[in-house]
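Contents: one structure, followed by commentary.
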Amino acid sequence: MNRTLLEIKNLRVSYEVRGTKAPAVDGVDLTLQAGDALGLAGESGCGKSTLALACLGLLPRNATVEGSVRFLDTEVVGAKPGRLRALRWAGISMVFQGAMNAFNPVKRVGDQVVEAILLHQNVSRSEARGRMRELFEHVGIAPRRAGDYPHEFSGGMRQRVMIAMALACDPPLVIADEPTTALDVMIQAQILNLLAQLREERNLALLVITHDLSVLAQVTDRVAVMYAGRIVEEGFAAELLTTPRHPYTKSLVGAFPVVGDPASRGVPAGLPGDPPHPEARPRGCAFHPRCPAAFEPCDRIDPVLERHGSRLAACHLVAEEEAR
Amino acid sequence: MTEGTQGHAAGLEVRDLEVRFASRRLFGGSGGEVRAVDGVSFHVDPGEVFCIAGESGCGKTTLGRALLGLVKVHSGKVWISGLDPAQLSGEELRKFRRRVQVVFQDPMGSLNPRQSVYEAVAEGVRIHRLQGDEREIVARALARAGLRPPERFFLNYPHELSGGQRQRVVIAAAIALEPQVLVGDEPVSMLDASVRGEILKLLVELKDEIGMTLVLITHDLAFAWALADRVAIMYLGKIVELGPAQTVLTEPLHPYTQSLLAVSPEVGRRRTHEVLSGEPPDPSHIPTGCRFHPRCPVLRSGEAGSQEPRCLGEVPVLEEPVPGHRAACHVAVARGDRAP
């Protein structure tokens, strides 16, 4: 099953802010095969959500898109609205953060799912109802709860319904943007288990976007770390999260204390400063003003993403370590 | 983490605290009473970092609000440096509030969007009629909270700041009053992972600098591990386990703490443990006996043995099966008694 689902090539997305163009995504390449689970990590403002919206052609009007996003045989960049509508739900669907806001509060939950199915599939109402019940069961909700209103559902249940809706047209790819961020630990664990299980059962590909690296350890095989609109490190999840190479990834990983590890007792290491604004990208490596390991070339030369074994990294330090 | 004497910091004591809410159904009709906090006792030493942890609905936030005198206490007592907020009113309550400050989860919810950073910090200074130059007090608080140079932020509005900076403004407003106790209710859970460490570091530095006692309310056991001297684990309004962070989080006695730890996410490790099924507990339907029994893996696996009838019918109290480490679990206590 090595069919390429999604191929992003040299993607650039800029927003027009007060007359100047600010690049939010600045030359990203990514490939996703059928059944792959890729995590996209980074701080707020690094461009990860913009990248996801670009995959669905959902960017606001003030955005300029260059490069290519290919989903199977569809080029998403510059596609006509009709083509994009066919792609969404049936090709790629999305699970957003904060499922509470995605529902109409005065309509029964089941009916909302049925309507979504009717909108995107050529089936009768009773067939759609049957499909909804099937989906509810699949995500672990008793079908009898379909008659309830959104306020009668807990946050975790609503997130399950969101996932059920995303699966309504059997898409080969689901993009999950911070799927568990507002949820409790126990519920978070349940939702992550569910995503992993659906991936197995349906050969579903996942693109999980989050700032929480511990989520990625649970559900993804590969992780790409973004900083200031670019991928700075990419590799297998198990390797990248235990032996990060890029100083930015290192500080992200270091921000998570590990229960039981004496080294994590005491204040977790944070990362001083804020990520740069897109319109004020620092010279050289964009991370150098915050980098604890910055040295001579970092403020002059912009590092490129290079392959070192199974790992990709855009960092002069990593390149030097490899050269030694 | 509690080195050095804290002349300024105040201890606090909570005894048999109960907070109840009338639960009402949508469109009228009464649904009885919800016991959000149901008989909680503990103390916190001056200068200590004390963590209250548990899932949503366990009562940890209500407990925090009771410490601040923000909810009506049904019974029991709270003392902070010898004062019970429930007994205070008017001028005395105002004085008490200066001593006990709070930082909530969402800085956007704590800040007035139409108020500048200067005004946000100065408001408390004015209400509490602090001695000294207002501008100086505000500047000092902002600088202490890591917003330097402070003057640069005076005229900023919340929407112009990053999430981390906003939370720093909230912290500055709290510490401008030099409180003796700072309650943090999930103070970093809405922030980016990279910013969390910075804000927690700030809280702990300020604790030592100003001399405060820190009560942190969180669902995140990893942060409890990083910061807390002692930890209380809450379940459905009761403390089920209480002791030093080192032992509670590495050798948990209560099956609930064990389950929480098992699902506690960890970077670089894929979880292999079982996840508790079902919804978070509902405080309007408290089970009989041990309130954790319907979800208890120990009970389900039959390991409870002869204790099983007690689990179903008898409410366990906090006992001390290991010196300094308390748990409210029939099975854990019976095991502890058998240990040499």
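To be explicit about the labels: the chains of the structure tokens are called A, B, and onward in the order shown, and within each one the residues are counted from 1, while ligands get numbers from 1 in the order they are shown.
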_What are the residues of chain B lining chain A at 9 Å or less? Count only C-alpha atoms, and put the answer as number ranges by chain._
B: 1, 55-56, 162, 164, 189-190, 192-201, 204, 219-228, 246, 249-250, 259-261, 263-271, 275-280
Resulting file, chosen residues, N, CA and C atoms, as a short mmCIF file (atom, residue, chain, number, x, y, z; two decimals), in the first residue's frame:
```
data_model
loop_
_atom_site.label_atom_id
_atom_site.label_comp_id
_atom_site.auth_asym_id
_atom_site.auth_seq_id
_atom_site.Cartn_x
_atom_site.Cartn_y
_atom_site.Cartn_z
N MET B 1 12.99 22.33 47.23
CA MET B 1 12.19 23.42 46.69
C MET B 1 11.65 24.35 47.76
N GLU B 55 -8.94 14.76 37.39
CA GLU B 55 -9.66 15.02 36.13
C GLU B 55 -10.65 16.17 36.29
N SER B 56 -11.24 16.63 35.18
CA SER B 56 -12.30 17.63 35.30
C SER B 56 -13.45 17.03 36.08
N SER B 162 1.47 38.18 23.07
CA SER B 162 1.38 36.73 22.86
C SER B 162 0.74 36.09 24.10
N GLY B 164 1.85 33.91 26.17
CA GLY B 164 2.76 33.89 27.31
C GLY B 164 2.88 35.26 27.95
N SER B 189 -1.90 25.65 31.23
CA SER B 189 -2.40 24.62 30.33
C SER B 189 -2.90 25.17 29.00
N MET B 190 -3.13 26.49 28.89
CA MET B 190 -3.54 27.01 27.60
C MET B 190 -2.37 27.56 26.80
N ASP B 192 1.50 27.46 24.93
CA ASP B 192 2.35 26.59 24.14
C ASP B 192 3.36 25.88 25.03
N ALA B 193 3.71 24.68 24.67
CA ALA B 193 4.62 23.87 25.48
C ALA B 193 5.92 24.62 25.77
N SER B 194 6.44 25.32 24.77
CA SER B 194 7.73 25.98 24.96
C SER B 194 7.62 27.14 25.94
N VAL B 195 6.43 27.73 26.07
CA VAL B 195 6.23 28.88 26.95
C VAL B 195 5.93 28.41 28.38
N ARG B 196 5.33 27.21 28.49
CA ARG B 196 4.93 26.70 29.80
C ARG B 196 6.08 26.70 30.79
N GLY B 197 7.21 26.15 30.34
CA GLY B 197 8.37 26.04 31.21
C GLY B 197 8.78 27.40 31.74
N GLU B 198 8.76 28.40 30.86
CA GLU B 198 9.15 29.76 31.24
C GLU B 198 8.22 30.33 32.32
N ILE B 199 6.92 30.10 32.15
CA ILE B 199 5.96 30.65 33.10
C ILE B 199 6.06 29.93 34.46
N LEU B 200 6.26 28.61 34.41
CA LEU B 200 6.40 27.87 35.66
C LEU B 200 7.66 28.28 36.40
N LYS B 201 8.73 28.49 35.61
CA LYS B 201 9.99 28.93 36.20
C LYS B 201 9.78 30.27 36.90
N VAL B 204 7.93 29.90 40.26
CA VAL B 204 8.76 29.36 41.32
C VAL B 204 9.80 30.39 41.77
N HIS B 219 -4.24 19.24 35.92
CA HIS B 219 -4.57 17.87 35.55
C HIS B 219 -3.31 17.15 35.08
N ASP B 220 -2.20 17.89 35.07
CA ASP B 220 -0.99 17.40 34.45
C ASP B 220 0.00 16.90 35.51
N LEU B 221 0.10 15.59 35.64
CA LEU B 221 0.95 15.05 36.69
C LEU B 221 2.43 15.30 36.43
N ALA B 222 2.80 15.50 35.16
CA ALA B 222 4.20 15.76 34.86
C ALA B 222 4.64 17.09 35.48
N PHE B 223 3.74 18.08 35.45
CA PHE B 223 4.11 19.35 36.06
C PHE B 223 4.09 19.27 37.57
N ALA B 224 3.17 18.44 38.11
CA ALA B 224 3.18 18.22 39.55
C ALA B 224 4.52 17.59 39.94
N TRP B 225 4.97 16.66 39.12
CA TRP B 225 6.25 16.01 39.38
C TRP B 225 7.39 17.03 39.36
N ALA B 226 7.36 17.93 38.38
CA ALA B 226 8.45 18.89 38.23
C ALA B 226 8.50 19.87 39.40
N LEU B 227 7.34 20.29 39.90
CA LEU B 227 7.32 21.45 40.80
C LEU B 227 6.95 21.17 42.24
N ALA B 228 6.08 20.19 42.47
CA ALA B 228 5.42 20.12 43.78
C ALA B 228 6.30 19.51 44.86
N GLN B 246 7.41 12.98 45.33
CA GLN B 246 8.36 11.90 45.01
C GLN B 246 7.73 10.52 45.17
N LEU B 249 3.91 10.01 43.17
CA LEU B 249 3.97 9.86 41.72
C LEU B 249 4.88 8.72 41.25
N THR B 250 5.66 8.15 42.15
CA THR B 250 6.47 7.00 41.72
C THR B 250 6.00 5.70 42.36
N SER B 259 -3.91 4.74 37.63
CA SER B 259 -4.47 4.86 36.28
C SER B 259 -4.12 6.21 35.66
N LEU B 260 -4.19 7.27 36.46
CA LEU B 260 -3.85 8.60 35.95
C LEU B 260 -2.41 8.62 35.45
N LEU B 261 -1.53 8.02 36.22
CA LEU B 261 -0.11 8.00 35.83
C LEU B 261 0.09 7.19 34.56
N VAL B 263 -1.87 6.89 32.04
CA VAL B 263 -2.26 7.58 30.81
C VAL B 263 -1.53 8.91 30.65
N SER B 264 -0.78 9.29 31.65
CA SER B 264 -0.07 10.57 31.60
C SER B 264 0.88 10.54 30.41
N PRO B 265 0.66 11.43 29.42
CA PRO B 265 1.43 11.32 28.20
C PRO B 265 2.90 11.63 28.43
N GLU B 266 3.72 10.97 27.67
CA GLU B 266 5.16 11.14 27.83
C GLU B 266 5.78 11.23 26.45
N VAL B 267 6.64 12.20 26.27
CA VAL B 267 7.28 12.36 24.98
C VAL B 267 8.20 11.17 24.72
N GLY B 268 8.05 10.57 23.56
CA GLY B 268 8.99 9.52 23.18
C GLY B 268 8.63 8.14 23.69
N ARG B 269 7.46 8.03 24.33
CA ARG B 269 7.09 6.70 24.80
C ARG B 269 5.66 6.42 24.38
N ARG B 270 5.45 5.30 23.76
CA ARG B 270 4.10 4.94 23.38
C ARG B 270 3.48 4.18 24.54
N ARG B 271 2.27 4.58 24.88
CA ARG B 271 1.62 4.00 26.04
C ARG B 271 1.17 2.58 25.76
N VAL B 275 -6.46 2.18 29.32
CA VAL B 275 -7.06 3.47 29.61
C VAL B 275 -8.40 3.22 30.29
N LEU B 276 -8.65 3.94 31.38
CA LEU B 276 -9.93 3.79 32.06
C LEU B 276 -11.03 4.13 31.08
N SER B 277 -12.04 3.29 31.00
CA SER B 277 -13.10 3.58 30.06
C SER B 277 -14.10 4.51 30.73
N GLY B 278 -15.03 4.97 29.96
CA GLY B 278 -16.12 5.76 30.51
C GLY B 278 -15.81 7.23 30.63
N GLU B 279 -16.84 7.94 31.00
CA GLU B 279 -16.78 9.39 31.09
C GLU B 279 -16.14 9.80 32.40
N PRO B 280 -15.70 11.05 32.47
CA PRO B 280 -15.22 11.51 33.78
C PRO B 280 -16.37 11.44 34.77
#
```
*Please provide as number ranges by chain all residues within 10 Å of Ile301 in chain A, with the sequence filter that same-chain residues fewer than 3 positions apart are discarded (counting only C-alpha atoms).*
A: 283-286, 296-298, 304, 316
_Atom pair CA of Glu201 in chain A / CA of Arg158 in chain A: separation (Å)_ = 21.6 Å
*asked:* Residues within 7 Å of Val169 in chain B, please, as a PyMOL selection string. Count only C-alpha atoms; anything in the same chain fewer than 4 positions from it doesn't count.
replied: chain B and resi 117+142+165+173
Any chance you could export the current selection's N, CA and C atoms as a PDB file, in the first residue's frame?
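Once written, part_28.pdb looks like this:
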```
ATOM      1  N   VAL B 117      -2.160  47.327  29.658  1.00  0.00           N
ATOM      2  CA  VAL B 117      -1.376  46.533  30.598  1.00  0.00           C
ATOM      3  C   VAL B 117      -1.180  47.312  31.898  1.00  0.00           C
ATOM      4  N   LEU B 142       5.739  44.317  36.639  1.00  0.00           N
ATOM      5  CA  LEU B 142       5.885  43.857  35.257  1.00  0.00           C
ATOM      6  C   LEU B 142       7.294  43.321  35.012  1.00  0.00           C
ATOM      7  N   GLN B 165       2.924  36.296  27.122  1.00  0.00           N
ATOM      8  CA  GLN B 165       3.017  37.659  27.660  1.00  0.00           C
ATOM      9  C   GLN B 165       1.757  38.043  28.429  1.00  0.00           C
ATOM     10  N   ALA B 173      -0.079  41.403  37.790  1.00  0.00           N
ATOM     11  CA  ALA B 173      -1.174  42.017  38.548  1.00  0.00           C
ATOM     12  C   ALA B 173      -1.328  41.330  39.902  1.00  0.00           C
TER      13      ALA B 173
END
```
*asked:* So that I can see what lies close to Val183 in chain B, please list as a VMD selection string the residues with an atom at most 7 Å from it, counting only C-alpha atoms and leaving out residues fewer than 4 positions away in the same chain.
replied: chain B and resid 101 to 103 214 to 216
Take the residues from that selection and put them in a file with N, CA and C atoms, as a PDB file, in the first residue's frame.
```pdb
ATOM      1  N   GLN B 101      -3.774  35.649  46.171  1.00  0.00           N
ATOM      2  CA  GLN B 101      -4.054  36.014  44.793  1.00  0.00           C
ATOM      3  C   GLN B 101      -4.163  34.765  43.924  1.00  0.00           C
ATOM      4  N   VAL B 102      -4.748  34.949  42.745  1.00  0.00           N
ATOM      5  CA  VAL B 102      -4.995  33.784  41.895  1.00  0.00           C
ATOM      6  C   VAL B 102      -4.592  34.074  40.452  1.00  0.00           C
ATOM      7  N   VAL B 103      -4.120  33.040  39.780  1.00  0.00           N
ATOM      8  CA  VAL B 103      -3.848  33.114  38.342  1.00  0.00           C
ATOM      9  C   VAL B 103      -4.667  32.000  37.696  1.00  0.00           C
ATOM     10  N   LEU B 214       2.710  28.373  47.232  1.00  0.00           N
ATOM     11  CA  LEU B 214       2.139  28.159  45.902  1.00  0.00           C
ATOM     12  C   LEU B 214       1.185  26.970  45.956  1.00  0.00           C
ATOM     13  N   VAL B 215      -0.070  27.214  45.600  1.00  0.00           N
ATOM     14  CA  VAL B 215      -1.020  26.113  45.468  1.00  0.00           C
ATOM     15  C   VAL B 215      -1.345  25.996  43.992  1.00  0.00           C
ATOM     16  N   LEU B 216      -0.932  24.900  43.359  1.00  0.00           N
ATOM     17  CA  LEU B 216      -1.143  24.746  41.925  1.00  0.00           C
ATOM     18  C   LEU B 216      -2.194  23.679  41.671  1.00  0.00           C
TER      19      LEU B 216
END
```
_Contact residues around range 118-132 of chain A with only C-alpha atoms at 9 Å, ignoring same-chain residues under 3 positions, as a ChimeraX atom specification_ = /A:85-86,89-90,110-111,113-115,135-137,143,146,164-165,168-169
Output the selection as a CSV table (one decimal), in the first residue's frame - C-alpha atoms for each residue.
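Now in result_23.csv:
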```
chain,number,residue,atom,x,y,z
A,85,ARG,CA,-15.8,20.7,-2.5
A,86,ALA,CA,-15.5,17.2,-4.0
A,89,TRP,CA,-14.8,15.2,3.2
A,90,ALA,CA,-14.5,12.5,0.5
A,110,GLY,CA,-27.3,12.7,15.2
A,111,ASP,CA,-29.3,14.9,12.8
A,113,VAL,CA,-24.2,14.1,11.3
A,114,VAL,CA,-27.0,12.9,9.0
A,115,GLU,CA,-27.1,16.3,7.3
A,135,LEU,CA,-20.2,5.7,12.6
A,136,PHE,CA,-21.3,6.4,16.2
A,137,GLU,CA,-20.7,2.8,17.1
A,143,PRO,CA,-26.3,5.1,18.8
A,146,ALA,CA,-27.9,10.4,18.6
A,164,ALA,CA,-17.4,10.3,13.3
A,165,MET,CA,-18.3,13.2,10.9
A,168,ALA,CA,-18.6,10.0,7.1
A,169,CYS,CA,-17.4,9.8,3.5
```
*Residues of range 18-261 of chain A in strand (DSSP E or B) according to DSSP, as a PyMOL selection string?*
chain A and resi 20-33+37-41+63-71+74-75+88+92-95+173-177+205-210+222-227+230-236
*Separation of CA of Cys58 in chain B from CA of Val240 in chain B, in Å and rounded to one decimal*: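 Answer for the CA of Cys58 in chain B to CA of Val240 in chain B separation: 10.7 Å.
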*Select, from A:Glu16, A:Asp36, A:Glu233, A:Glu279, the residue with the minimum atom-to-atom distance to His308 in chain A, counting only C-alpha atoms.*
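Closest to His308 in chain A, using only C-alpha atoms: A:Glu233.
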*Where does DSSP see alpha helix (DSSP H) in range 125-195 of chain A, if you list the residues as a PyMOL selection string?*
chain A and resi 125-138+155-166+185-195
*Kindly give the distance, in Å, that separates CA of Ala22 in chain A and CA of Gly47 in chain A, rounded to a single decimal.*
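CA of Gly47 in chain A lies at a distance of 11.3 Å from CA of Ala22 in chain A.
Near Val106 in chain A, within 12 Å and counting only C-alpha atoms, sit Gln112, Gly147, Asp148, Tyr149, Pro150, His151 and Glu152 of chain A; same-chain residues fewer than 6 positions away were not included.
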*Extract, using only C-alpha atoms, all DNA, RNA and protein residues at most 7 Å from Tyr118 in chain B, discarding same-chain residues fewer than 4 positions from it, and format them as a ChimeraX atom specification.*
/B:122,138,154-155
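Of the listed residues B:Ala232, B:Ala174, B:Ala9, B:Ala332, the one whose atoms come nearest to His128 in chain B is B:Ala174, with distances taken using only C-alpha atoms.
Checking B:Val121, B:Ala327, B:Val19, B:Leu236 one by one against Ile286 in chain B, counting only C-alpha atoms, you find the shortest gap at B:Leu236.
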*Measuring atom to atom with only C-alpha atoms, identify which of B:Ala22, B:Leu202, B:Leu177, B:Leu191 is nearest to Ala145 in chain B.*
B:Leu202
